[in-house]
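Remarks on the structure that follows.
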Amino acid sequence: QVQLVESGGGSVQAGGSLRLSCVASEYIGPKHCWGWFRQAPGKQREGVAALYTGDDTPYYSDSLKDRFTISQDNGKKTIYLQIDSLRLEDSAMYYCAARWSTIGCTTSWHDESRFDTWGLGTQVTVAS
């Protein structure tokens with residue numbers, strides 16, 4: 001069973017930046033959709049970005065795409081989420097997830113029920 005481990009979270013001032021990392025315990029392969037999700041206290045978990053490793057196609061939440069960037073380092077089995085211009089409302093637990101797919105992440109990239117492998121999360125706290 002592949003394990004995913006997130007890191008890079010922490011406390012940061014509004015306007016700052018963070019780069020979150022998600023490392024897989026083993027090489028997963030190109031036919032996978034990786035996703036980043038977040039969940040704030042009292043709110044549902046939401047998809048923020050995804051990446052299809054087969055062709056490097058990224059997917060973003062429309063409201064976040066100007067500040068969030070997802071990327072991969074295949075050699076390091078790592079997916080990154082760069083978050084710029086952090087806002088108070090970005091405070092949440094951020095989770096990495098993965099699922100096998102031959103057709104990319106598709107329009108369902110934000111559907112958490114489709115992902116079968118999850119990390120335990122990394123906390124991001126934005127202070128004013």
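How things are named: the first chain in the structure tokens is A, the next is B, and so on; residues count from 1 in each chain; ligands count from 1 in the order shown.
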
Worksheet item: Leu86 of chain A: which residues within 10 Å, counting only C-alpha atoms, same-chain residues fewer than 3 positions away excluded, as a ChimeraX atom specification?
Response: /A:12-18,67-68,83,89-91,124-127

May I have the selected residues written with C-alpha atoms, as a PDB file, in the first residue's frame?
```pdb
ATOM      1  CA  VAL A  12       2.615  32.306   8.242  1.00  0.00           C
ATOM      2  CA  GLN A  13       1.623  35.934   7.981  1.00  0.00           C
ATOM      3  CA  ALA A  14      -1.044  36.948   5.527  1.00  0.00           C
ATOM      4  CA  GLY A  15       0.535  37.802   2.198  1.00  0.00           C
ATOM      5  CA  GLY A  16       3.278  35.241   2.632  1.00  0.00           C
ATOM      6  CA  SER A  17       3.930  32.026   0.747  1.00  0.00           C
ATOM      7  CA  LEU A  18       4.239  28.346   1.495  1.00  0.00           C
ATOM      8  CA  ARG A  67      -2.430  31.947  -6.155  1.00  0.00           C
ATOM      9  CA  PHE A  68      -2.016  28.161  -6.157  1.00  0.00           C
ATOM     10  CA  ILE A  83       0.538  28.914  -2.249  1.00  0.00           C
ATOM     11  CA  GLU A  89      -9.270  31.978   4.744  1.00  0.00           C
ATOM     12  CA  ASP A  90      -6.503  29.684   3.475  1.00  0.00           C
ATOM     13  CA  SER A  91      -6.047  28.375   7.015  1.00  0.00           C
ATOM     14  CA  VAL A 124      -1.565  25.729   7.374  1.00  0.00           C
ATOM     15  CA  THR A 125      -2.377  28.645   9.656  1.00  0.00           C
ATOM     16  CA  VAL A 126      -2.436  32.186   8.313  1.00  0.00           C
ATOM     17  CA  ALA A 127      -2.236  35.046  10.786  1.00  0.00           C
TER      18      ALA A 127
END
```

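For the choices A:Trp36, A:Tyr27, A:Tyr94, A:Tyr52, the atom-to-atom distance to Gly10 of chain A is smallest for A:Tyr94 when using only C-alpha atoms.
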
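Excluding Arg99 of chain A and any residue on its chain fewer than 6 positions from it, the residues at most 8 Å away by only C-alpha atoms are His32, Cys33, Trp34, Arg114, Phe115, Asp116 and Thr117 of chain A.
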
Could you name the residues that touch Leu120 of chain A at 9 Å or less, counting only C-alpha atoms, but leaving out those on the same chain fewer than 3 positions away, as a tab-separated table (two decimals) with N, CA, C and O atoms, in the first residue's frame?
```tsv
chain	number	residue	atom	x	y	z
A	4	LEU	N	1.30	8.28	1.52
A	4	LEU	CA	1.59	9.66	1.16
A	4	LEU	C	1.85	10.46	2.43
A	4	LEU	O	1.11	10.32	3.41
A	5	VAL	N	2.88	11.28	2.39
A	5	VAL	CA	3.24	12.08	3.56
A	5	VAL	C	3.37	13.54	3.14
A	5	VAL	O	4.22	13.87	2.30
A	6	GLU	N	2.55	14.37	3.74
A	6	GLU	CA	2.59	15.80	3.46
A	6	GLU	C	3.53	16.51	4.43
A	6	GLU	O	3.70	16.06	5.59
A	94	TYR	N	-4.33	20.67	5.01
A	94	TYR	CA	-4.17	20.37	3.59
A	94	TYR	C	-3.78	18.91	3.43
A	94	TYR	O	-2.83	18.43	4.06
A	95	TYR	N	-4.52	18.23	2.56
A	95	TYR	CA	-4.32	16.81	2.33
A	95	TYR	C	-3.90	16.55	0.89
A	95	TYR	O	-4.39	17.19	-0.05
A	96	CYS	N	-3.05	15.57	0.74
A	96	CYS	CA	-2.65	15.08	-0.56
A	96	CYS	C	-3.37	13.76	-0.80
A	96	CYS	O	-3.58	12.98	0.13
```

Worksheet item: Could you pull out all residues of chain A with a DSSP call of strand (DSSP E or B) and give them as a PyMOL selection string?
Response: chain A and resi 4-7+10-13+18-24+32-39+46-52+57-60+68-73+78-83+92-100+117-118+122-127

Worksheet entry | From A:Gly9, A:Pro41, A:Gly121, A:Gly54, residue lying nearest Trp100 of chain A [only C-alpha atoms] | A:Gly54

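Candidate residues A:Thr78, A:Ser71, A:Gly8, A:Gly119 were compared for distance to Tyr59 of chain A, and the nearest is A:Ser71, using only C-alpha atoms.
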